[in-house]
Amino acid sequence: MSFPIDIVIPRLEKEVRGLEVPVVDLIAAQTQDPFKVLVATILSARTKDEVTAAAARRLFDRAATAQELAALSVAELEKLIYPVGFFRNKARYLNQLPEVLATRFQGAVPSSIEELITLPGVGRKTANLVRSVAFMLPAICVDTHVHRIMNIWGYVQTSTPLQTEMALREKLPQQYWLRINSLLVAFGQAVCRPVAPHCDICCISEHCPRLGVTPRKRNTRGRTAMSVGQHFLSWNVNGLRAAVGKGLLEVIASCNADIVALQEIKAQLDQLPKEVLELQGYRQFWHPAEKKGYAGTAVFSKIEPLQVYYGIGTEDIDREGRVLTLEFDDYYFINTYFPNAQPGLKRMDFKQHFNRAMLEYMNRLRQAKTVVLGGDLNVAHKEIDLARPKENRQNPGFSDEERAWMDTLLAAGYVDTFRQFCQDPGQYTWWSYRSNARERNIGWRIDYFVVDEASGARVRDAAIHSNIFGSDHCPVSIRFT
Ligand code: SF4
């Protein structure tokens, strides 16, 4: 059955009337000034609306026009717009903007996408937003919310925001183009949130196929489970730099987790993107592999750790940057990227060596405090954990030896947290890039959060976020008290 877009959009429009208007729309409605809309849109990238609104207010008090903006230095701009995300880059772009507008566009903001994307700091998303909001001209601004929600609805089946924009240009009736972004941003922030959406109160729930969604659960006290405790997210990003280009930082901003564990960063310390290093609100810890473009882990934490441990003290494991541990008051958080056994199980010996070393390490830590391990374990434990168990028997990730180690881990007193909450089949965290595997949900559950048994009750919720794109894996999360 096709998705009833003509029923859903009018209903959402009624619904979002009571929700907060995105800041760029607000500035457009208040000022009707394309220059201010452009500046506010540049400020708003990877920044919360309330932070953008305050920064725009401070900036427009000093510089309400391009001429006034030209009089401000980069240092002054940095001070005025801080703490918006990537404020240093944005200050540079804003500093260059008046001259570019004056020399190329007679001082006016252009309205075509092709011209807008030539301005400093303006990408395709910003250009579409400025064209639609400031000029009311046909454009579809696809940000992370539009891309995500359109895929949840099955209205498009795409892997990147650009593909979504192109698919929507073909399919979405033009009457919705201008407002789809502000509508789905407001709806995505308040109801259809990236992590545990409020399907229980959603006004279009009867029409939504909820593709790839793990809805929030209610705990026994009637509060939503996601409203308590700390929120931990783990994601194999399959290359940090590529993932940044596919919206990693937007996902981190919208998930707002307390700890974010990344695996397979494939980047050395001198290759880390500037926008990642400037990410606000998190302490960052990096453990790259010695070999370039290979493996490696990172943790971003809002909570200051007592200690950080890089590796487990075993040289051949530590040189691959596979284990990074943060110690907190009453728990250890271990971020780990288990090796792949490789075709023909060529690396099985190393994987078994890693498995044994990890279990010893976890057992040692467990004597002192709770152990929370998050990461890519590179193994599907049971037949329910992959779409094609028979065809994959003895393939890497589903060999008897690897599965037996999962049995050993659980028998040693650890809990696969996701299975505490969900016994459903079809719950996967990795899909091959081949044969449209993700669209067809031909996947594997190989990313986990594991805790020691004694602390199992501290896990209030566990989820798989298959609606979040940007890697061949999707993030997994737990709420921990
Ligand atoms: S039912 Fe759930 S997944 Fe679907 S649109 Fe509503 S909140 Fe989003």
# chains A, B, ... in the order shown; residues from 1 in each chain; ligands from 1

call {"tool": "residues_near_ligand", "arguments": {"ligand": "ligand 1", "cutoff": "12 Å", "atoms": "only C-alpha atoms and all ligand atoms", "output": "JSON, numbers by chain"}}
result
{"A": [3, 5, 8, 9, 11, 12, 15, 145, 146, 148, 149, 150, 151, 152, 153, 154, 155, 184, 185, 187, 188, 189, 190, 191, 192, 193, 194, 195, 196, 197, 198, 199, 200, 201, 202, 203, 204, 205, 206, 207, 208, 209, 210, 211, 212, 213, 214, 215, 216, 465, 466, 467]}

call {"tool": "write_last_selection", "arguments": {"atoms": "N, CA and C atoms", "output": "compact mmCIF listing (two decimals), in the first residue's frame"}}
result
# COMPACT_ATOMS: atom_id res chain seq x y z
N PHE A 3 2.10 5.09 0.68
CA PHE A 3 1.99 5.94 1.86
C PHE A 3 1.07 7.13 1.57
N ILE A 5 0.46 10.35 1.64
CA ILE A 5 1.10 11.62 1.95
C ILE A 5 0.08 12.77 2.05
N VAL A 8 -1.38 12.59 5.51
CA VAL A 8 -0.42 12.76 6.59
C VAL A 8 0.04 14.21 6.73
N ILE A 9 0.38 14.85 5.61
CA ILE A 9 0.96 16.20 5.74
C ILE A 9 -0.05 17.21 6.31
N ARG A 11 -2.43 16.60 8.28
CA ARG A 11 -2.63 16.27 9.70
C ARG A 11 -1.42 16.75 10.53
N LEU A 12 -0.23 16.57 9.98
CA LEU A 12 0.96 17.05 10.71
C LEU A 12 0.96 18.56 10.83
N GLU A 15 -0.93 19.44 13.69
CA GLU A 15 -0.22 19.00 14.90
C GLU A 15 0.90 19.97 15.28
N HIS A 145 16.34 15.16 9.55
CA HIS A 145 14.97 14.77 9.94
C HIS A 145 14.15 14.36 8.71
N VAL A 146 14.22 15.16 7.65
CA VAL A 146 13.43 14.85 6.45
C VAL A 146 13.90 13.50 5.88
N ARG A 148 15.44 11.03 7.38
CA ARG A 148 15.11 9.93 8.29
C ARG A 148 13.63 9.58 8.24
N ILE A 149 12.77 10.61 8.37
CA ILE A 149 11.33 10.35 8.51
C ILE A 149 10.75 9.83 7.19
N MET A 150 11.21 10.39 6.07
CA MET A 150 10.71 9.91 4.78
C MET A 150 11.04 8.43 4.58
N ASN A 151 12.21 7.99 5.10
CA ASN A 151 12.57 6.57 5.01
C ASN A 151 11.78 5.72 6.00
N ILE A 152 11.50 6.27 7.18
CA ILE A 152 10.65 5.54 8.15
C ILE A 152 9.27 5.29 7.55
N TRP A 153 8.78 6.28 6.82
CA TRP A 153 7.46 6.15 6.19
C TRP A 153 7.51 5.21 4.97
N GLY A 154 8.70 4.92 4.50
CA GLY A 154 8.82 4.14 3.26
C GLY A 154 8.43 4.96 2.04
N TYR A 155 8.31 6.29 2.22
CA TYR A 155 7.94 7.14 1.07
C TYR A 155 9.10 7.21 0.08
N LEU A 184 8.81 18.77 9.12
CA LEU A 184 9.43 17.55 9.64
C LEU A 184 10.53 17.84 10.66
N VAL A 185 11.13 19.03 10.62
CA VAL A 185 12.09 19.39 11.67
C VAL A 185 11.33 19.53 12.99
N PHE A 187 8.38 18.30 13.79
CA PHE A 187 7.83 16.98 14.15
C PHE A 187 8.95 16.04 14.61
N GLY A 188 10.09 16.09 13.93
CA GLY A 188 11.22 15.21 14.26
C GLY A 188 11.86 15.57 15.59
N GLN A 189 11.82 16.84 15.96
CA GLN A 189 12.41 17.23 17.25
C GLN A 189 11.47 16.89 18.41
N ALA A 190 10.16 16.99 18.15
CA ALA A 190 9.22 16.85 19.27
C ALA A 190 8.62 15.45 19.39
N VAL A 191 8.32 14.81 18.26
CA VAL A 191 7.58 13.54 18.33
C VAL A 191 8.37 12.38 17.71
N CYS A 192 8.66 12.50 16.42
CA CYS A 192 9.35 11.40 15.73
C CYS A 192 10.85 11.58 15.92
N ARG A 193 11.31 11.46 17.14
CA ARG A 193 12.70 11.75 17.48
C ARG A 193 13.62 10.64 16.97
N PRO A 194 14.89 10.99 16.72
CA PRO A 194 15.79 9.97 16.17
C PRO A 194 15.95 8.76 17.08
N VAL A 195 15.96 9.00 18.38
CA VAL A 195 16.09 7.89 19.32
C VAL A 195 14.76 7.71 20.04
N ALA A 196 14.18 6.52 19.94
CA ALA A 196 12.94 6.20 20.62
C ALA A 196 11.84 7.22 20.35
N PRO A 197 11.31 7.26 19.14
CA PRO A 197 10.24 8.21 18.83
C PRO A 197 8.96 7.93 19.63
N HIS A 198 8.17 8.99 19.80
CA HIS A 198 6.93 8.88 20.61
C HIS A 198 5.79 8.32 19.75
N CYS A 199 5.93 7.08 19.28
CA CYS A 199 4.86 6.51 18.45
C CYS A 199 3.54 6.43 19.23
N ASP A 200 3.65 6.32 20.56
CA ASP A 200 2.45 6.17 21.38
C ASP A 200 1.56 7.42 21.37
N ILE A 201 2.12 8.57 21.02
CA ILE A 201 1.29 9.78 20.99
C ILE A 201 1.26 10.40 19.58
N CYS A 202 1.74 9.64 18.60
CA CYS A 202 1.88 10.21 17.26
C CYS A 202 0.53 10.27 16.54
N CYS A 203 0.21 11.40 15.95
CA CYS A 203 -1.10 11.61 15.32
C CYS A 203 -1.24 10.87 13.98
N ILE A 204 -0.14 10.34 13.45
CA ILE A 204 -0.26 9.63 12.17
C ILE A 204 0.15 8.16 12.32
N SER A 205 0.10 7.67 13.55
CA SER A 205 0.65 6.33 13.80
C SER A 205 -0.06 5.26 12.97
N GLU A 206 -1.36 5.45 12.70
CA GLU A 206 -2.05 4.36 11.96
C GLU A 206 -1.61 4.28 10.50
N HIS A 207 -0.95 5.34 10.02
CA HIS A 207 -0.50 5.31 8.62
C HIS A 207 0.98 4.98 8.49
N CYS A 208 1.70 4.90 9.61
CA CYS A 208 3.16 4.81 9.56
C CYS A 208 3.63 3.36 9.64
N PRO A 209 4.39 2.90 8.65
CA PRO A 209 4.90 1.51 8.72
C PRO A 209 6.05 1.35 9.70
N ARG A 210 6.58 2.48 10.21
CA ARG A 210 7.66 2.48 11.22
C ARG A 210 8.86 1.65 10.78
N LEU A 211 9.29 1.84 9.57
CA LEU A 211 10.39 1.05 9.05
C LEU A 211 11.67 1.36 9.82
N GLY A 212 12.24 0.33 10.43
CA GLY A 212 13.51 0.49 11.15
C GLY A 212 13.41 1.22 12.47
N VAL A 213 12.20 1.29 13.04
CA VAL A 213 12.04 2.09 14.27
C VAL A 213 11.93 1.19 15.49
N THR A 214 12.64 1.56 16.55
CA THR A 214 12.40 0.94 17.85
C THR A 214 11.70 1.99 18.72
N PRO A 215 10.36 1.87 18.92
CA PRO A 215 9.68 2.91 19.69
C PRO A 215 10.06 2.86 21.16
N ARG A 216 9.84 3.98 21.85
CA ARG A 216 10.18 4.00 23.26
C ARG A 216 9.23 3.11 24.05
N HIS A 465 18.86 1.50 16.30
CA HIS A 465 18.35 2.67 15.57
C HIS A 465 18.57 2.49 14.07
N SER A 466 17.83 1.55 13.50
CA SER A 466 18.05 1.23 12.09
C SER A 466 17.53 2.32 11.16
N ASN A 467 16.85 3.30 11.74
CA ASN A 467 16.40 4.45 10.93
C ASN A 467 17.49 5.51 10.81

call {"tool": "residues_around", "arguments": {"residues": "stretch 312-321 of chain A", "least_positions_apart": "3", "cutoff": "10 Å", "atoms": "only C-alpha atoms", "output": "JSON, numbers by chain"}}
result
{"A": [263, 264, 265, 266, 286, 287, 288, 289, 290, 291, 292, 294, 295, 296, 297, 298, 309, 324, 325, 336, 337, 338, 339, 350, 351, 353, 354, 357, 358, 360, 361, 362]}

call {"tool": "select_by_dssp", "arguments": {"residues": "stretch 93-191 of chain A", "states": "helix (DSSP H, G or I)", "output": "PyMOL selection string"}}
result
chain A and resi 93-105+113-116+124-135+144-152+161-171+174-190

call {"tool": "write_last_selection", "arguments": {"atoms": "C-alpha atoms", "output": "CSV table (one decimal), in the first residue's frame"}}
result
chain,number,residue,atom,x,y,z
A,93,TYR,CA,32.4,32.4,6.3
A,94,LEU,CA,30.4,35.4,7.7
A,95,ASN,CA,33.4,37.6,7.4
A,96,GLN,CA,33.8,36.7,3.7
A,97,LEU,CA,30.1,36.9,2.9
A,98,PRO,CA,29.6,40.7,2.4
A,99,GLU,CA,32.5,40.9,-0.2
A,100,VAL,CA,31.2,37.9,-2.1
A,101,LEU,CA,27.7,39.3,-2.2
A,102,ALA,CA,28.9,42.7,-3.3
A,103,THR,CA,31.3,41.5,-6.0
A,104,ARG,CA,29.2,38.7,-7.5
A,105,PHE,CA,25.6,39.6,-6.7
A,113,ILE,CA,20.5,26.9,-5.7
A,114,GLU,CA,23.4,27.1,-8.2
A,115,GLU,CA,24.3,30.6,-7.1
A,116,LEU,CA,23.6,30.1,-3.4
A,124,ARG,CA,23.0,22.3,-0.7
A,125,LYS,CA,20.9,22.0,2.4
A,126,THR,CA,21.4,25.6,3.4
A,127,ALA,CA,20.8,26.7,-0.2
A,128,ASN,CA,17.5,24.9,-0.4
A,129,LEU,CA,16.4,26.2,2.9
A,130,VAL,CA,17.2,29.9,2.0
A,131,ARG,CA,15.5,29.5,-1.4
A,132,SER,CA,12.3,28.1,0.1
A,133,VAL,CA,12.1,30.1,3.4
A,134,ALA,CA,13.5,33.5,2.2
A,135,PHE,CA,12.2,33.6,-1.3
A,144,THR,CA,18.6,14.7,8.7
A,145,HIS,CA,15.0,14.8,9.9
A,146,VAL,CA,13.4,14.8,6.4
A,147,HIS,CA,15.8,12.1,5.2
A,148,ARG,CA,15.1,9.9,8.3
A,149,ILE,CA,11.3,10.3,8.5
A,150,MET,CA,10.7,9.9,4.8
A,151,ASN,CA,12.6,6.6,5.0
A,152,ILE,CA,10.7,5.5,8.1
A,161,PRO,CA,20.0,13.2,2.1
A,162,LEU,CA,21.0,14.0,-1.5
A,163,GLN,CA,19.3,10.8,-2.8
A,164,THR,CA,16.3,11.7,-0.7
A,165,GLU,CA,16.1,15.2,-2.2
A,166,MET,CA,16.3,13.8,-5.7
A,167,ALA,CA,13.7,11.2,-5.0
A,168,LEU,CA,11.3,13.8,-3.4
A,169,ARG,CA,11.7,16.0,-6.4
A,170,GLU,CA,10.3,13.2,-8.5
A,171,LYS,CA,7.6,12.2,-6.1
A,174,GLN,CA,5.1,20.5,-5.3
A,175,GLN,CA,2.5,22.1,-3.0
A,176,TYR,CA,4.4,20.5,-0.1
A,177,TRP,CA,8.0,21.4,-1.1
A,178,LEU,CA,8.3,24.7,0.7
A,179,ARG,CA,7.0,23.5,4.0
A,180,ILE,CA,8.2,20.0,4.3
A,181,ASN,CA,11.4,20.9,6.0
A,182,SER,CA,10.0,23.1,8.8
A,183,LEU,CA,7.2,20.6,9.2
A,184,LEU,CA,9.4,17.5,9.6
A,185,VAL,CA,12.1,19.4,11.7
A,186,ALA,CA,9.4,20.4,14.2
A,187,PHE,CA,7.8,17.0,14.1
A,188,GLY,CA,11.2,15.2,14.3
A,189,GLN,CA,12.4,17.2,17.2
A,190,ALA,CA,9.2,16.8,19.3

call {"tool": "closest_residue", "arguments": {"among": "A:Ser477, A:Gly443, A:Gln427, A:Thr408", "to": "A:Asn392", "atoms": "only C-alpha atoms"}}
result
A:Gly443

call {"tool": "residues_around", "arguments": {"residues": "A:Asp400", "least_positions_apart": "4", "cutoff": "12 Å", "atoms": "only C-alpha atoms", "output": "PyMOL selection string"}}
result
chain A and resi 341+345+348+352+379-383+389+392-396+404-407

call {"tool": "write_last_selection", "arguments": {"atoms": "N, CA and C atoms", "output": "JSON list (two decimals), in the first residue's frame"}}
result
[["chain", "number", "residue", "atom", "x", "y", "z"],
["A", 341, "ALA", "N", 36.60, -12.15, 11.61],
["A", 341, "ALA", "CA", 37.33, -13.42, 11.42],
["A", 341, "ALA", "C", 37.85, -13.58, 9.98],
["A", 345, "LEU", "N", 37.73, -17.68, 7.37],
["A", 345, "LEU", "CA", 38.07, -17.64, 8.81],
["A", 345, "LEU", "C", 39.59, -17.53, 9.01],
["A", 348, "MET", "N", 40.73, -16.18, 12.36],
["A", 348, "MET", "CA", 40.02, -16.74, 13.51],
["A", 348, "MET", "C", 40.93, -16.85, 14.73],
["A", 352, "GLN", "N", 39.99, -15.27, 18.25],
["A", 352, "GLN", "CA", 39.84, -16.06, 19.48],
["A", 352, "GLN", "C", 40.77, -15.52, 20.58],
["A", 379, "VAL", "N", 29.89, -10.52, 15.60],
["A", 379, "VAL", "CA", 29.32, -11.87, 15.64],
["A", 379, "VAL", "C", 27.81, -11.77, 15.85],
["A", 380, "ALA", "N", 27.06, -12.56, 15.08],
["A", 380, "ALA", "CA", 25.63, -12.71, 15.33],
["A", 380, "ALA", "C", 25.49, -13.94, 16.21],
["A", 381, "HIS", "N", 24.87, -13.79, 17.36],
["A", 381, "HIS", "CA", 24.91, -14.89, 18.33],
["A", 381, "HIS", "C", 24.04, -16.07, 17.91],
["A", 382, "LYS", "N", 22.75, -15.78, 17.65],
["A", 382, "LYS", "CA", 21.83, -16.88, 17.40],
["A", 382, "LYS", "C", 21.21, -16.73, 16.02],
["A", 383, "GLU", "N", 20.48, -17.74, 15.59],
["A", 383, "GLU", "CA", 19.88, -17.69, 14.24],
["A", 383, "GLU", "C", 18.94, -16.49, 14.11],
["A", 389, "PRO", "N", 20.47, -17.31, 8.33],
["A", 389, "PRO", "CA", 21.40, -18.12, 9.13],
["A", 389, "PRO", "C", 21.93, -19.34, 8.39],
["A", 392, "ASN", "N", 24.67, -18.63, 5.95],
["A", 392, "ASN", "CA", 25.88, -18.02, 6.51],
["A", 392, "ASN", "C", 26.60, -18.88, 7.53],
["A", 393, "ARG", "N", 26.14, -20.08, 7.74],
["A", 393, "ARG", "CA", 26.79, -21.00, 8.68],
["A", 393, "ARG", "C", 28.28, -21.12, 8.33],
["A", 394, "GLN", "N", 29.12, -20.90, 9.29],
["A", 394, "GLN", "CA", 30.59, -20.94, 9.18],
["A", 394, "GLN", "C", 31.18, -19.79, 8.36],
["A", 395, "ASN", "N", 30.34, -18.82, 7.99],
["A", 395, "ASN", "CA", 30.90, -17.59, 7.45],
["A", 395, "ASN", "C", 31.41, -16.73, 8.61],
["A", 396, "PRO", "N", 32.37, -15.80, 8.33],
["A", 396, "PRO", "CA", 32.86, -14.95, 9.43],
["A", 396, "PRO", "C", 31.70, -14.19, 10.08],
["A", 404, "ALA", "N", 30.11, -19.71, 19.82],
["A", 404, "ALA", "CA", 30.40, -20.38, 21.10],
["A", 404, "ALA", "C", 31.00, -19.38, 22.09],
["A", 405, "TRP", "N", 31.79, -18.42, 21.56],
["A", 405, "TRP", "CA", 32.35, -17.43, 22.48],
["A", 405, "TRP", "C", 31.26, -16.55, 23.08],
["A", 406, "MET", "N", 30.24, -16.25, 22.28],
["A", 406, "MET", "CA", 29.11, -15.48, 22.85],
["A", 406, "MET", "C", 28.45, -16.29, 23.97],
["A", 407, "ASP", "N", 28.31, -17.60, 23.75],
["A", 407, "ASP", "CA", 27.75, -18.45, 24.82],
["A", 407, "ASP", "C", 28.63, -18.35, 26.07]]

call {"tool": "residues_around", "arguments": {"residues": "A:Asp385", "least_positions_apart": "3", "cutoff": "12 Å", "atoms": "only C-alpha atoms", "output": "PDB file with N, CA and C atoms, in the first residue's frame"}}
result
ATOM      1  N   ASN A 378      31.152  -8.098  16.094  1.00  0.00           N
ATOM      2  CA  ASN A 378      31.429  -8.816  14.849  1.00  0.00           C
ATOM      3  C   ASN A 378      30.995 -10.277  14.908  1.00  0.00           C
ATOM      4  N   VAL A 379      29.885 -10.523  15.605  1.00  0.00           N
ATOM      5  CA  VAL A 379      29.318 -11.873  15.636  1.00  0.00           C
ATOM      6  C   VAL A 379      27.810 -11.773  15.848  1.00  0.00           C
ATOM      7  N   ALA A 380      27.060 -12.557  15.075  1.00  0.00           N
ATOM      8  CA  ALA A 380      25.626 -12.706  15.333  1.00  0.00           C
ATOM      9  C   ALA A 380      25.491 -13.936  16.213  1.00  0.00           C
ATOM     10  N   HIS A 381      24.865 -13.791  17.359  1.00  0.00           N
ATOM     11  CA  HIS A 381      24.907 -14.886  18.332  1.00  0.00           C
ATOM     12  C   HIS A 381      24.040 -16.074  17.915  1.00  0.00           C
ATOM     13  N   LYS A 382      22.751 -15.783  17.654  1.00  0.00           N
ATOM     14  CA  LYS A 382      21.829 -16.883  17.400  1.00  0.00           C
ATOM     15  C   LYS A 382      21.212 -16.733  16.017  1.00  0.00           C
ATOM     16  N   ARG A 388      19.754 -14.542   7.247  1.00  0.00           N
ATOM     17  CA  ARG A 388      19.973 -15.773   6.473  1.00  0.00           C
ATOM     18  C   ARG A 388      20.922 -16.722   7.219  1.00  0.00           C
ATOM     19  N   PRO A 389      20.473 -17.306   8.328  1.00  0.00           N
ATOM     20  CA  PRO A 389      21.399 -18.117   9.132  1.00  0.00           C
ATOM     21  C   PRO A 389      21.930 -19.341   8.394  1.00  0.00           C
ATOM     22  N   LYS A 390      21.069 -19.997   7.646  1.00  0.00           N
ATOM     23  CA  LYS A 390      21.535 -21.251   7.016  1.00  0.00           C
ATOM     24  C   LYS A 390      22.623 -20.965   5.990  1.00  0.00           C
ATOM     25  N   ASN A 392      24.674 -18.632   5.946  1.00  0.00           N
ATOM     26  CA  ASN A 392      25.883 -18.021   6.506  1.00  0.00           C
ATOM     27  C   ASN A 392      26.600 -18.881   7.535  1.00  0.00           C
ATOM     28  N   GLY A 397      31.679 -14.206  11.393  1.00  0.00           N
ATOM     29  CA  GLY A 397      30.594 -13.543  12.113  1.00  0.00           C
ATOM     30  C   GLY A 397      29.477 -14.495  12.483  1.00  0.00           C
ATOM     31  N   PHE A 398      29.455 -15.696  11.874  1.00  0.00           N
ATOM     32  CA  PHE A 398      28.431 -16.679  12.260  1.00  0.00           C
ATOM     33  C   PHE A 398      29.034 -18.092  12.254  1.00  0.00           C
ATOM     34  N   ARG A 403      30.252 -17.984  17.690  1.00  0.00           N
ATOM     35  CA  ARG A 403      28.984 -18.074  18.425  1.00  0.00           C
ATOM     36  C   ARG A 403      29.203 -18.725  19.796  1.00  0.00           C
ATOM     37  N   ASP A 416      23.278  -9.743  27.288  1.00  0.00           N
ATOM     38  CA  ASP A 416      23.052  -9.083  25.995  1.00  0.00           C
ATOM     39  C   ASP A 416      21.834  -8.175  26.209  1.00  0.00           C
ATOM     40  N   PHE A 418      20.072  -5.937  24.677  1.00  0.00           N
ATOM     41  CA  PHE A 418      18.959  -5.775  23.727  1.00  0.00           C
ATOM     42  C   PHE A 418      17.944  -6.905  23.899  1.00  0.00           C
ATOM     43  N   ARG A 419      18.453  -8.118  24.109  1.00  0.00           N
ATOM     44  CA  ARG A 419      17.535  -9.261  24.235  1.00  0.00           C
ATOM     45  C   ARG A 419      16.817  -9.284  25.589  1.00  0.00           C
ATOM     46  N   CYS A 422      13.800  -7.176  23.966  1.00  0.00           N
ATOM     47  CA  CYS A 422      13.158  -7.479  22.678  1.00  0.00           C
ATOM     48  C   CYS A 422      13.578  -8.862  22.188  1.00  0.00           C
ATOM     49  N   GLN A 423      12.611  -9.709  21.936  1.00  0.00           N
ATOM     50  CA  GLN A 423      12.889 -11.063  21.410  1.00  0.00           C
ATOM     51  C   GLN A 423      12.470 -11.170  19.952  1.00  0.00           C
ATOM     52  N   ASP A 424      12.159 -10.041  19.324  1.00  0.00           N
ATOM     53  CA  ASP A 424      11.644 -10.092  17.954  1.00  0.00           C
ATOM     54  C   ASP A 424      12.745 -10.446  16.954  1.00  0.00           C
ATOM     55  N   PRO A 425      12.385 -11.158  15.889  1.00  0.00           N
ATOM     56  CA  PRO A 425      13.346 -11.349  14.793  1.00  0.00           C
ATOM     57  C   PRO A 425      13.418 -10.074  13.948  1.00  0.00           C
ATOM     58  N   GLY A 426      14.329 -10.045  13.009  1.00  0.00           N
ATOM     59  CA  GLY A 426      14.402  -8.908  12.070  1.00  0.00           C
ATOM     60  C   GLY A 426      15.024  -7.661  12.669  1.00  0.00           C
ATOM     61  N   GLN A 427      15.712  -7.793  13.801  1.00  0.00           N
ATOM     62  CA  GLN A 427      16.333  -6.632  14.475  1.00  0.00           C
ATOM     63  C   GLN A 427      17.832  -6.658  14.171  1.00  0.00           C
ATOM     64  N   TYR A 428      18.257  -5.866  13.237  1.00  0.00           N
ATOM     65  CA  TYR A 428      19.637  -5.945  12.769  1.00  0.00           C
ATOM     66  C   TYR A 428      20.370  -4.609  12.933  1.00  0.00           C
ATOM     67  N   THR A 429      21.717  -4.725  12.944  1.00  0.00           N
ATOM     68  CA  THR A 429      22.523  -3.503  13.098  1.00  0.00           C
ATOM     69  C   THR A 429      23.522  -3.333  11.961  1.00  0.00           C
ATOM     70  N   TRP A 430      23.652  -4.330  11.097  1.00  0.00           N
ATOM     71  CA  TRP A 430      24.584  -4.240   9.961  1.00  0.00           C
ATOM     72  C   TRP A 430      23.955  -4.878   8.735  1.00  0.00           C
ATOM     73  N   ASN A 441      16.140  -5.370   4.414  1.00  0.00           N
ATOM     74  CA  ASN A 441      16.417  -5.818   5.789  1.00  0.00           C
ATOM     75  C   ASN A 441      17.033  -7.219   5.832  1.00  0.00           C
ATOM     76  N   ILE A 442      17.987  -7.439   4.937  1.00  0.00           N
ATOM     77  CA  ILE A 442      18.770  -8.684   4.978  1.00  0.00           C
ATOM     78  C   ILE A 442      20.015  -8.359   5.800  1.00  0.00           C
ATOM     79  N   GLY A 443      19.875  -8.396   7.119  1.00  0.00           N
ATOM     80  CA  GLY A 443      20.953  -7.875   7.955  1.00  0.00           C
ATOM     81  C   GLY A 443      21.425  -8.839   9.027  1.00  0.00           C
ATOM     82  N   TRP A 444      22.293  -8.314   9.884  1.00  0.00           N
ATOM     83  CA  TRP A 444      22.880  -9.067  10.991  1.00  0.00           C
ATOM     84  C   TRP A 444      22.835  -8.183  12.241  1.00  0.00           C
ATOM     85  N   ARG A 445      22.626  -8.775  13.392  1.00  0.00           N
ATOM     86  CA  ARG A 445      22.778  -8.022  14.652  1.00  0.00           C
ATOM     87  C   ARG A 445      24.141  -8.373  15.226  1.00  0.00           C
ATOM     88  N   ILE A 446      25.113  -7.483  15.013  1.00  0.00           N
ATOM     89  CA  ILE A 446      26.475  -7.756  15.474  1.00  0.00           C
ATOM     90  C   ILE A 446      26.997  -6.644  16.400  1.00  0.00           C
ATOM     91  N   ASP A 447      26.166  -5.616  16.651  1.00  0.00           N
ATOM     92  CA  ASP A 447      26.556  -4.513  17.546  1.00  0.00           C
ATOM     93  C   ASP A 447      25.731  -4.654  18.826  1.00  0.00           C
ATOM     94  N   TYR A 448      26.382  -4.503  19.952  1.00  0.00           N
ATOM     95  CA  TYR A 448      25.741  -4.849  21.227  1.00  0.00           C
ATOM     96  C   TYR A 448      26.095  -3.840  22.318  1.00  0.00           C
TER      97      TYR A 448
END

call {"tool": "residues_around", "arguments": {"residues": "A:Ile303", "least_positions_apart": "6", "cutoff": "12 Å", "atoms": "only C-alpha atoms", "output": "mmCIF file with C-alpha atoms, in the first residue's frame"}}
result
data_model
loop_
_atom_site.group_PDB
_atom_site.id
_atom_site.type_symbol
_atom_site.label_atom_id
_atom_site.label_comp_id
_atom_site.auth_asym_id
_atom_site.auth_seq_id
_atom_site.Cartn_x
_atom_site.Cartn_y
_atom_site.Cartn_z
ATOM 1 C CA GLN A 230 22.271 8.136 31.253
ATOM 2 C CA HIS A 231 22.033 7.529 27.566
ATOM 3 C CA PHE A 232 24.849 5.612 25.843
ATOM 4 C CA ALA A 257 23.606 10.952 24.280
ATOM 5 C CA ASP A 258 25.773 11.237 27.377
ATOM 6 C CA ILE A 259 28.418 8.927 25.941
ATOM 7 C CA VAL A 260 28.959 8.193 22.246
ATOM 8 C CA GLY A 281 29.696 19.612 24.781
ATOM 9 C CA TYR A 282 31.834 16.457 24.718
ATOM 10 C CA ARG A 283 35.291 15.457 25.927
ATOM 11 C CA GLN A 284 36.872 13.419 23.154
ATOM 12 C CA LEU A 326 36.565 5.232 30.432
ATOM 13 C CA GLU A 327 36.376 4.803 34.185
ATOM 14 C CA PHE A 328 33.612 6.596 36.081
ATOM 15 C CA ASP A 329 32.622 6.604 39.758
ATOM 16 C CA PHE A 333 32.570 2.031 29.980
#

call {"tool": "atom_distance", "arguments": {"atom1": "atom CA of A:Ala66", "atom2": "atom CA of A:Gly107"}}
result
7.5 Å

call {"tool": "select_by_dssp", "arguments": {"residues": "stretch 255-371 of chain A", "states": "strand (DSSP E)", "output": "PyMOL selection string"}}
result
chain A and resi 259-263+283-287+297-301+307-310+323-327+331-337+370-371

call {"tool": "residues_around", "arguments": {"residues": "A:Leu279", "least_positions_apart": "2", "cutoff": "10 Å", "atoms": "only C-alpha atoms", "output": "list in words"}}
result
Arg46, Val84, Gly85, Phe86, Phe87, Leu249, Ile252, Ala253, Lys274, Glu275, Val276, Leu277, Gly281, Tyr282, Arg283, Gln284 and Phe300 of chain A
